[in-house]
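Undergrad: Got a structure for you, questions after.
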Amino acid sequence: MKTILTGVRANEEPTIGNFLGAYMPMINLAHKHATDCNINMFVPDLHSFTTPIDHSKLYAQVIKGIKYYMAAGLDTDNPNVHIYRQSHVPAHSELAWILDCFTPFGEASRMTQFKEKSEEHHDAITVGLFNYPILMAADILLYDAEYIPLGEDQFQHLELTRNIAMRMNNKFETELFTIPAPEKEQVAFMGLDKGLRIRSLTEPTKKMSKSSNNEKSKISLNDDPAEAKKKIMSATTDSEGVIHFDMQKQPGVSNLLMIEALINNKPLEEVIAQFDGQTRYGDLKKQVAESVSNFLTSFQAKVASISDEDVENVLEKGEAYANEVANKKLYEIQKQVGVRK
Ligand code: ATP
Ligand code: MG
């Protein structure tokens, strides 16, 4: 049985960018492949402090992250659905070390996200920030995962994962690792024509990021719905004066059109047809503000209905499974690198 796998870091409150770009594609796939694939949705909690965080809040944030997966519609009664924390499956960190030693420094240095993030956090550039794509490779390769629903910003890391896996397979002349599908196939598997990228509300040429310090740039999943409406109403647009879907020329309005479509599960063409050629940006903003606010109200009610105990039950089952699969794989890898017989 093939494995579909994804995770959302628990460093900060997730945004609608994470929801629309990572949670929803995964949950749609989990429904579509409920009986023919393993669905691994984990919280990469060890990735959460590659940049500085308040550690006293992390544990609660991780538990909340799992409630979010459940509230988004992941069917935890399905025996093929596995929810776990990275930190509770020690094989992830152990494999990361091994993969480190098969990753040329030059190749890891080309990761654009590291360059961007180290500009943003120039006072705290850790080895962990540099190394995180390799831990991510371990997250994927331990489970022989083929499909990894990701936002557009993560495809370079996926390519790195593929390269490491292919290099090690060649070196050891065995099919040690399943090679995850390349970007084009991943995107097609998600039913898209390219990776999703929800833009910042204040700087629509950039992506919306949960770690951004600018509250107005993002809609967080725990935002007060009325506040979220205001953020949409004051989103940066352009001075073209006519609405067209054009991410190059009009990234602000195009982003709003995209949010409107994705959040209501409507075809983008339908939303474009409704607004194309109109001149009143306010009408578009009002409709999107309403959609986002309705979404937050209903999502937050679902989150509130899930107890910590529900989460613990799900984790107990998920982590037992994950440790079994991951340890078996790690054992094979340890034999290949010569530390086990
Ligand atoms: P951070 O700023 O902490 O890196 P992030 O918002 O980029 O936060 P990640 O935890 O790095 O979130 O990514 C989790 C998942 O969400 C990944 O699959 C990523 O591609 C996806 N994702 C993140 N931001 C967006 C976005 N703006 N649009 C679509 N998908 C996104
Ligand atoms: Mg990110």
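Simple scheme: letters A, B, ... for chains in structure tokens order, numbers from 1 for residues in each chain, numbers from 1 for ligands in the order shown.
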Skip Pro204 (chain A) itself and residues of its chain fewer than 6 positions away, then list as a PyMOL selection string all residues within 12 Å of it, counting only C-alpha atoms.
TA: chain A and resi 197-198+216-218+235-238+246-256
Undergrad: Under the rule of at most 6 Å, produce a per-residue listing of chain A near ligand 1: chain, number, name, the closest pair of atoms, and the distance in Å, as a Markdown table, using only C-alpha atoms and all ligand atoms.
TA:
```
| residue | atom | partner | partner_atom_place_in_ligand_line | distance |
| --- | --- | --- | --- | --- |
| A:Val8 | CA | ligand 1 | 14 (C) | 4.1 |
| A:Arg9 | CA | ligand 1 | 10 (O) | 3.9 |
| A:Gly17 | CA | ligand 1 | 26 (C) | 3.9 |
| A:Asn18 | CA | ligand 1 | 16 (O) | 4.0 |
| A:Gly21 | CA | ligand 1 | 30 (N) | 3.5 |
| A:Ala22 | CA | ligand 1 | 18 (O) | 4.7 |
| A:Leu150 | CA | ligand 1 | 18 (O) | 3.5 |
| A:Gly151 | CA | ligand 1 | 20 (O) | 3.0 |
| A:Glu152 | CA | ligand 1 | 20 (O) | 5.5 |
| A:Asp153 | CA | ligand 1 | 20 (O) | 5.1 |
| A:Gln154 | CA | ligand 1 | 20 (O) | 4.8 |
| A:Leu196 | CA | ligand 1 | 29 (C) | 4.8 |
| A:Arg197 | CA | ligand 1 | 28 (N) | 3.6 |
| A:Ile198 | CA | ligand 1 | 28 (N) | 3.8 |
| A:Arg199 | CA | ligand 1 | 27 (N) | 5.5 |
| A:Lys207 | CA | ligand 1 | 27 (N) | 4.5 |
| A:Met208 | CA | ligand 1 | 27 (N) | 4.0 |
| A:Ser209 | CA | ligand 1 | 6 (O) | 3.7 |
| A:Lys210 | CA | ligand 1 | 6 (O) | 4.1 |
| A:Ser211 | CA | ligand 1 | 2 (O) | 3.8 |
```
Undergrad: Output N, CA, C and O atoms for every residue in the selection just made, as a PDB file, in the first residue's frame.
TA:
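result11.pdb, freshly written:
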```pdb
ATOM      1  N   VAL A   8       2.696  19.815   9.271  1.00  0.00           N
ATOM      2  CA  VAL A   8       2.772  21.281   9.378  1.00  0.00           C
ATOM      3  C   VAL A   8       3.468  21.607  10.693  1.00  0.00           C
ATOM      4  O   VAL A   8       3.032  21.149  11.754  1.00  0.00           O
ATOM      5  N   ARG A   9       4.555  22.368  10.616  1.00  0.00           N
ATOM      6  CA  ARG A   9       5.330  22.720  11.812  1.00  0.00           C
ATOM      7  C   ARG A   9       4.435  23.389  12.856  1.00  0.00           C
ATOM      8  O   ARG A   9       3.494  24.100  12.510  1.00  0.00           O
ATOM      9  N   GLY A  17      -3.123  29.971   4.799  1.00  0.00           N
ATOM     10  CA  GLY A  17      -2.179  29.500   3.765  1.00  0.00           C
ATOM     11  C   GLY A  17      -1.843  28.037   4.013  1.00  0.00           C
ATOM     12  O   GLY A  17      -1.879  27.214   3.107  1.00  0.00           O
ATOM     13  N   ASN A  18      -1.538  27.699   5.264  1.00  0.00           N
ATOM     14  CA  ASN A  18      -1.266  26.301   5.615  1.00  0.00           C
ATOM     15  C   ASN A  18      -2.524  25.456   5.396  1.00  0.00           C
ATOM     16  O   ASN A  18      -2.449  24.334   4.899  1.00  0.00           O
ATOM     17  N   GLY A  21      -3.201  25.312   1.580  1.00  0.00           N
ATOM     18  CA  GLY A  21      -2.087  24.773   0.794  1.00  0.00           C
ATOM     19  C   GLY A  21      -1.630  23.400   1.238  1.00  0.00           C
ATOM     20  O   GLY A  21      -1.039  22.659   0.452  1.00  0.00           O
ATOM     21  N   ALA A  22      -1.862  23.032   2.484  1.00  0.00           N
ATOM     22  CA  ALA A  22      -1.348  21.750   2.969  1.00  0.00           C
ATOM     23  C   ALA A  22      -2.441  20.882   3.619  1.00  0.00           C
ATOM     24  O   ALA A  22      -2.574  19.710   3.282  1.00  0.00           O
ATOM     25  N   LEU A 150       2.216  19.243  -0.548  1.00  0.00           N
ATOM     26  CA  LEU A 150       2.971  20.370  -0.003  1.00  0.00           C
ATOM     27  C   LEU A 150       2.583  21.643  -0.728  1.00  0.00           C
ATOM     28  O   LEU A 150       2.119  21.588  -1.857  1.00  0.00           O
ATOM     29  N   GLY A 151       2.837  22.764  -0.095  1.00  0.00           N
ATOM     30  CA  GLY A 151       2.723  24.037  -0.793  1.00  0.00           C
ATOM     31  C   GLY A 151       3.923  24.227  -1.708  1.00  0.00           C
ATOM     32  O   GLY A 151       4.929  23.506  -1.605  1.00  0.00           O
ATOM     33  N   GLU A 152       3.799  25.198  -2.591  1.00  0.00           N
ATOM     34  CA  GLU A 152       4.815  25.405  -3.622  1.00  0.00           C
ATOM     35  C   GLU A 152       6.206  25.663  -3.036  1.00  0.00           C
ATOM     36  O   GLU A 152       7.219  25.269  -3.607  1.00  0.00           O
ATOM     37  N   ASP A 153       6.252  26.303  -1.867  1.00  0.00           N
ATOM     38  CA  ASP A 153       7.543  26.665  -1.261  1.00  0.00           C
ATOM     39  C   ASP A 153       8.385  25.465  -0.833  1.00  0.00           C
ATOM     40  O   ASP A 153       9.566  25.615  -0.538  1.00  0.00           O
ATOM     41  N   GLN A 154       7.778  24.280  -0.768  1.00  0.00           N
ATOM     42  CA  GLN A 154       8.506  23.126  -0.231  1.00  0.00           C
ATOM     43  C   GLN A 154       9.066  22.199  -1.309  1.00  0.00           C
ATOM     44  O   GLN A 154       9.708  21.192  -1.000  1.00  0.00           O
ATOM     45  N   LEU A 196       0.274  25.133  -4.685  1.00  0.00           N
ATOM     46  CA  LEU A 196      -0.490  26.283  -4.209  1.00  0.00           C
ATOM     47  C   LEU A 196       0.390  27.237  -3.417  1.00  0.00           C
ATOM     48  O   LEU A 196       1.303  26.820  -2.700  1.00  0.00           O
ATOM     49  N   ARG A 197       0.096  28.518  -3.567  1.00  0.00           N
ATOM     50  CA  ARG A 197       0.847  29.529  -2.847  1.00  0.00           C
ATOM     51  C   ARG A 197      -0.107  30.665  -2.511  1.00  0.00           C
ATOM     52  O   ARG A 197      -0.439  31.483  -3.375  1.00  0.00           O
ATOM     53  N   ILE A 198      -0.594  30.670  -1.277  1.00  0.00           N
ATOM     54  CA  ILE A 198      -1.431  31.790  -0.827  1.00  0.00           C
ATOM     55  C   ILE A 198      -0.485  32.933  -0.469  1.00  0.00           C
ATOM     56  O   ILE A 198       0.548  32.722   0.171  1.00  0.00           O
ATOM     57  N   ARG A 199      -0.840  34.150  -0.907  1.00  0.00           N
ATOM     58  CA  ARG A 199       0.081  35.277  -0.731  1.00  0.00           C
ATOM     59  C   ARG A 199      -0.191  36.045   0.565  1.00  0.00           C
ATOM     60  O   ARG A 199      -1.297  36.008   1.109  1.00  0.00           O
ATOM     61  N   LYS A 207       4.792  34.933  -0.026  1.00  0.00           N
ATOM     62  CA  LYS A 207       3.792  33.992   0.467  1.00  0.00           C
ATOM     63  C   LYS A 207       3.337  34.356   1.873  1.00  0.00           C
ATOM     64  O   LYS A 207       4.077  34.989   2.620  1.00  0.00           O
ATOM     65  N   MET A 208       2.126  33.945   2.203  1.00  0.00           N
ATOM     66  CA  MET A 208       1.649  34.136   3.573  1.00  0.00           C
ATOM     67  C   MET A 208       2.415  33.143   4.442  1.00  0.00           C
ATOM     68  O   MET A 208       2.487  31.962   4.104  1.00  0.00           O
ATOM     69  N   SER A 209       3.010  33.612   5.560  1.00  0.00           N
ATOM     70  CA  SER A 209       3.792  32.729   6.420  1.00  0.00           C
ATOM     71  C   SER A 209       3.352  32.860   7.862  1.00  0.00           C
ATOM     72  O   SER A 209       3.199  33.972   8.355  1.00  0.00           O
ATOM     73  N   LYS A 210       3.207  31.726   8.531  1.00  0.00           N
ATOM     74  CA  LYS A 210       2.760  31.813   9.920  1.00  0.00           C
ATOM     75  C   LYS A 210       3.788  32.468  10.819  1.00  0.00           C
ATOM     76  O   LYS A 210       3.434  33.043  11.841  1.00  0.00           O
ATOM     77  N   SER A 211       5.083  32.405  10.451  1.00  0.00           N
ATOM     78  CA  SER A 211       6.089  32.999  11.332  1.00  0.00           C
ATOM     79  C   SER A 211       6.277  34.504  11.077  1.00  0.00           C
ATOM     80  O   SER A 211       7.110  35.133  11.719  1.00  0.00           O
TER      81      SER A 211
END
```
Undergrad: Tell me, as a compact mmCIF listing (two decimals) with C-alpha atoms, in the first residue's frame, which residues lie within 8 Å of region 264-274 of chain A, counting only C-alpha atoms; anything in the same chain fewer than 5 positions away does not count.
TA:
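File written: result06.txt
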```txt
# COMPACT_ATOMS: atom_id res chain seq x y z
CA HIS A 244 -8.35 40.33 -13.51
CA PHE A 245 -6.83 37.07 -12.36
CA LEU A 257 -9.94 35.34 -5.82
CA MET A 258 -7.94 32.23 -5.03
CA SER A 291 -16.18 33.67 3.48
```
Undergrad: Apply DSSP to the backbone of this structure and, from region 71-312 of chain A, keep only the residues in alpha helix (DSSP H); write these as a PyMOL selection string.
TA: chain A and resi 71+91-100+105-108+112-120+127-141+155-172+183-189+225-233+251-263+268-275+281-304+308-312
Undergrad: Considering only C-alpha atoms and all ligand atoms, can you say which of A:Glu227, A:Glu116, A:Asp283, A:Asp308 comes closest to ligand 2?
TA: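 Result for the nearest residue to ligand 2: A:Glu116.
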Undergrad: Between CA of Ser109 (chain A) and CA of Lys184 (chain A), what distance in Å does the model show, to one decimal?
TA: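 Value for the CA of Ser109 (chain A)-CA of Lys184 (chain A) distance: 23.7 Å.
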Undergrad: If we count only C-alpha atoms and set the cut-off at 10 Å, which residues sit around Ser93 (chain A), ignoring sequence neighbours fewer than 2 positions away in its own chain? Please answer as a list in words.
TA: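 Here the answer would be Leu46, Gln86, Ser87, Val89, Pro90, Ala91, Leu95, Ala96, Trp97, Ile98, Leu99, Ile134, Leu135, Met136, Ala138 and Asp139 of chain A.
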Undergrad: Please identify all polymer residues within 10 Å of Leu176 (chain A), counting only C-alpha atoms, omitting same-chain residues fewer than 2 positions from it, and present them as a JSON list (two decimals) with N, CA and C atoms, in the first residue's frame.
TA:
```
[["chain", "number", "residue", "atom", "x", "y", "z"],
["A", 141, "LEU", "N", 11.42, 9.61, 4.09],
["A", 141, "LEU", "CA", 12.03, 8.35, 3.62],
["A", 141, "LEU", "C", 11.80, 7.19, 4.59],
["A", 144, "ASP", "N", 8.77, 5.34, 3.41],
["A", 144, "ASP", "CA", 8.64, 5.04, 1.98],
["A", 144, "ASP", "C", 7.48, 5.79, 1.35],
["A", 165, "ALA", "N", 17.91, 10.21, -1.56],
["A", 165, "ALA", "CA", 17.45, 8.82, -1.64],
["A", 165, "ALA", "C", 18.07, 8.12, -2.85],
["A", 166, "MET", "N", 18.11, 8.81, -3.99],
["A", 166, "MET", "CA", 18.66, 8.18, -5.20],
["A", 166, "MET", "C", 20.16, 7.92, -5.02],
["A", 168, "MET", "N", 21.79, 7.37, -2.25],
["A", 168, "MET", "CA", 22.05, 6.24, -1.35],
["A", 168, "MET", "C", 21.66, 4.91, -2.00],
["A", 169, "ASN", "N", 20.57, 4.91, -2.75],
["A", 169, "ASN", "CA", 20.19, 3.68, -3.47],
["A", 169, "ASN", "C", 21.30, 3.27, -4.43],
["A", 170, "ASN", "N", 21.88, 4.25, -5.13],
["A", 170, "ASN", "CA", 22.96, 3.94, -6.07],
["A", 170, "ASN", "C", 24.18, 3.43, -5.33],
["A", 172, "PHE", "N", 24.51, 1.99, -2.43],
["A", 172, "PHE", "CA", 24.39, 0.67, -1.81],
["A", 172, "PHE", "C", 23.82, -0.38, -2.77],
["A", 173, "GLU", "N", 23.60, 0.07, -4.00],
["A", 173, "GLU", "CA", 23.09, -0.82, -5.04],
["A", 173, "GLU", "C", 21.88, -1.63, -4.57],
["A", 174, "THR", "N", 20.95, -0.94, -3.95],
["A", 174, "THR", "CA", 19.70, -1.59, -3.52],
["A", 174, "THR", "C", 18.57, -0.58, -3.55],
["A", 178, "THR", "N", 12.22, 4.18, -1.16],
["A", 178, "THR", "CA", 11.25, 4.51, -2.21],
["A", 178, "THR", "C", 11.49, 5.98, -2.56],
["A", 179, "ILE", "N", 11.60, 6.26, -3.86],
["A", 179, "ILE", "CA", 11.83, 7.65, -4.26],
["A", 179, "ILE", "C", 10.48, 8.38, -4.34],
["A", 329, "LYS", "N", 12.47, 0.31, 9.19],
["A", 329, "LYS", "CA", 13.19, 0.94, 8.08],
["A", 329, "LYS", "C", 14.59, 1.36, 8.54],
["A", 332, "GLU", "N", 17.06, -1.45, 8.55],
["A", 332, "GLU", "CA", 17.57, -1.76, 7.21],
["A", 332, "GLU", "C", 18.68, -0.79, 6.81],
["A", 333, "ILE", "N", 18.46, 0.46, 7.12],
["A", 333, "ILE", "CA", 19.43, 1.50, 6.73],
["A", 333, "ILE", "C", 20.72, 1.33, 7.55],
["A", 336, "GLN", "N", 22.81, -1.26, 6.04],
["A", 336, "GLN", "CA", 23.51, -0.80, 4.83],
["A", 336, "GLN", "C", 24.72, 0.06, 5.16]]
```
Undergrad: Might you pull out every residue within 6 Å of region 311-322 of chain A, with only C-alpha atoms counted and same-chain residues fewer than 4 positions away left off, and present them as JSON, numbers by chain?
TA: {"A": [82, 83, 84, 326]}
Undergrad: Tell me which of A:Tyr143, A:Val303, A:His31, A:His121 sits closest to Lys328 (chain A), counting only C-alpha atoms.
TA: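 When distances to Lys328 (chain A) are compared using only C-alpha atoms, the smallest one comes from A:Tyr143.
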Undergrad: Ranking A:Thr35, A:Gln113, A:Asn213, A:Ser234 by minimum distance to ligand 2 and counting only C-alpha atoms and all ligand atoms, which one comes first?
TA: A:Gln113
Undergrad: Quick check for you: according to DSSP on this backbone, which residues of region 63-286 of chain A are classed as strand (DSSP E)? Reply as a count of residues only.
TA: 5
Undergrad: Just give me the gap between CA of Asn323 (chain A) and CA of Arg85 (chain A) in Å, one decimal is fine.
TA: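 Separating CA of Asn323 (chain A) from CA of Arg85 (chain A) is a distance of 10.5 Å.
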Undergrad: If we count only C-alpha atoms and set the cut-off at 10 Å, which residues sit around Asp224 (chain A), ignoring sequence neighbours fewer than 6 positions away in its own chain? Please answer as a PyMOL selection string.
TA: chain A and resi 293+296-297+300
Undergrad: What's the separation between CA of Tyr68 (chain A) and CA of Tyr147 (chain A), in Å to one decimal place?
TA: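 About the pair CA of Tyr68 (chain A) and CA of Tyr147 (chain A): they are 21.1 Å apart.
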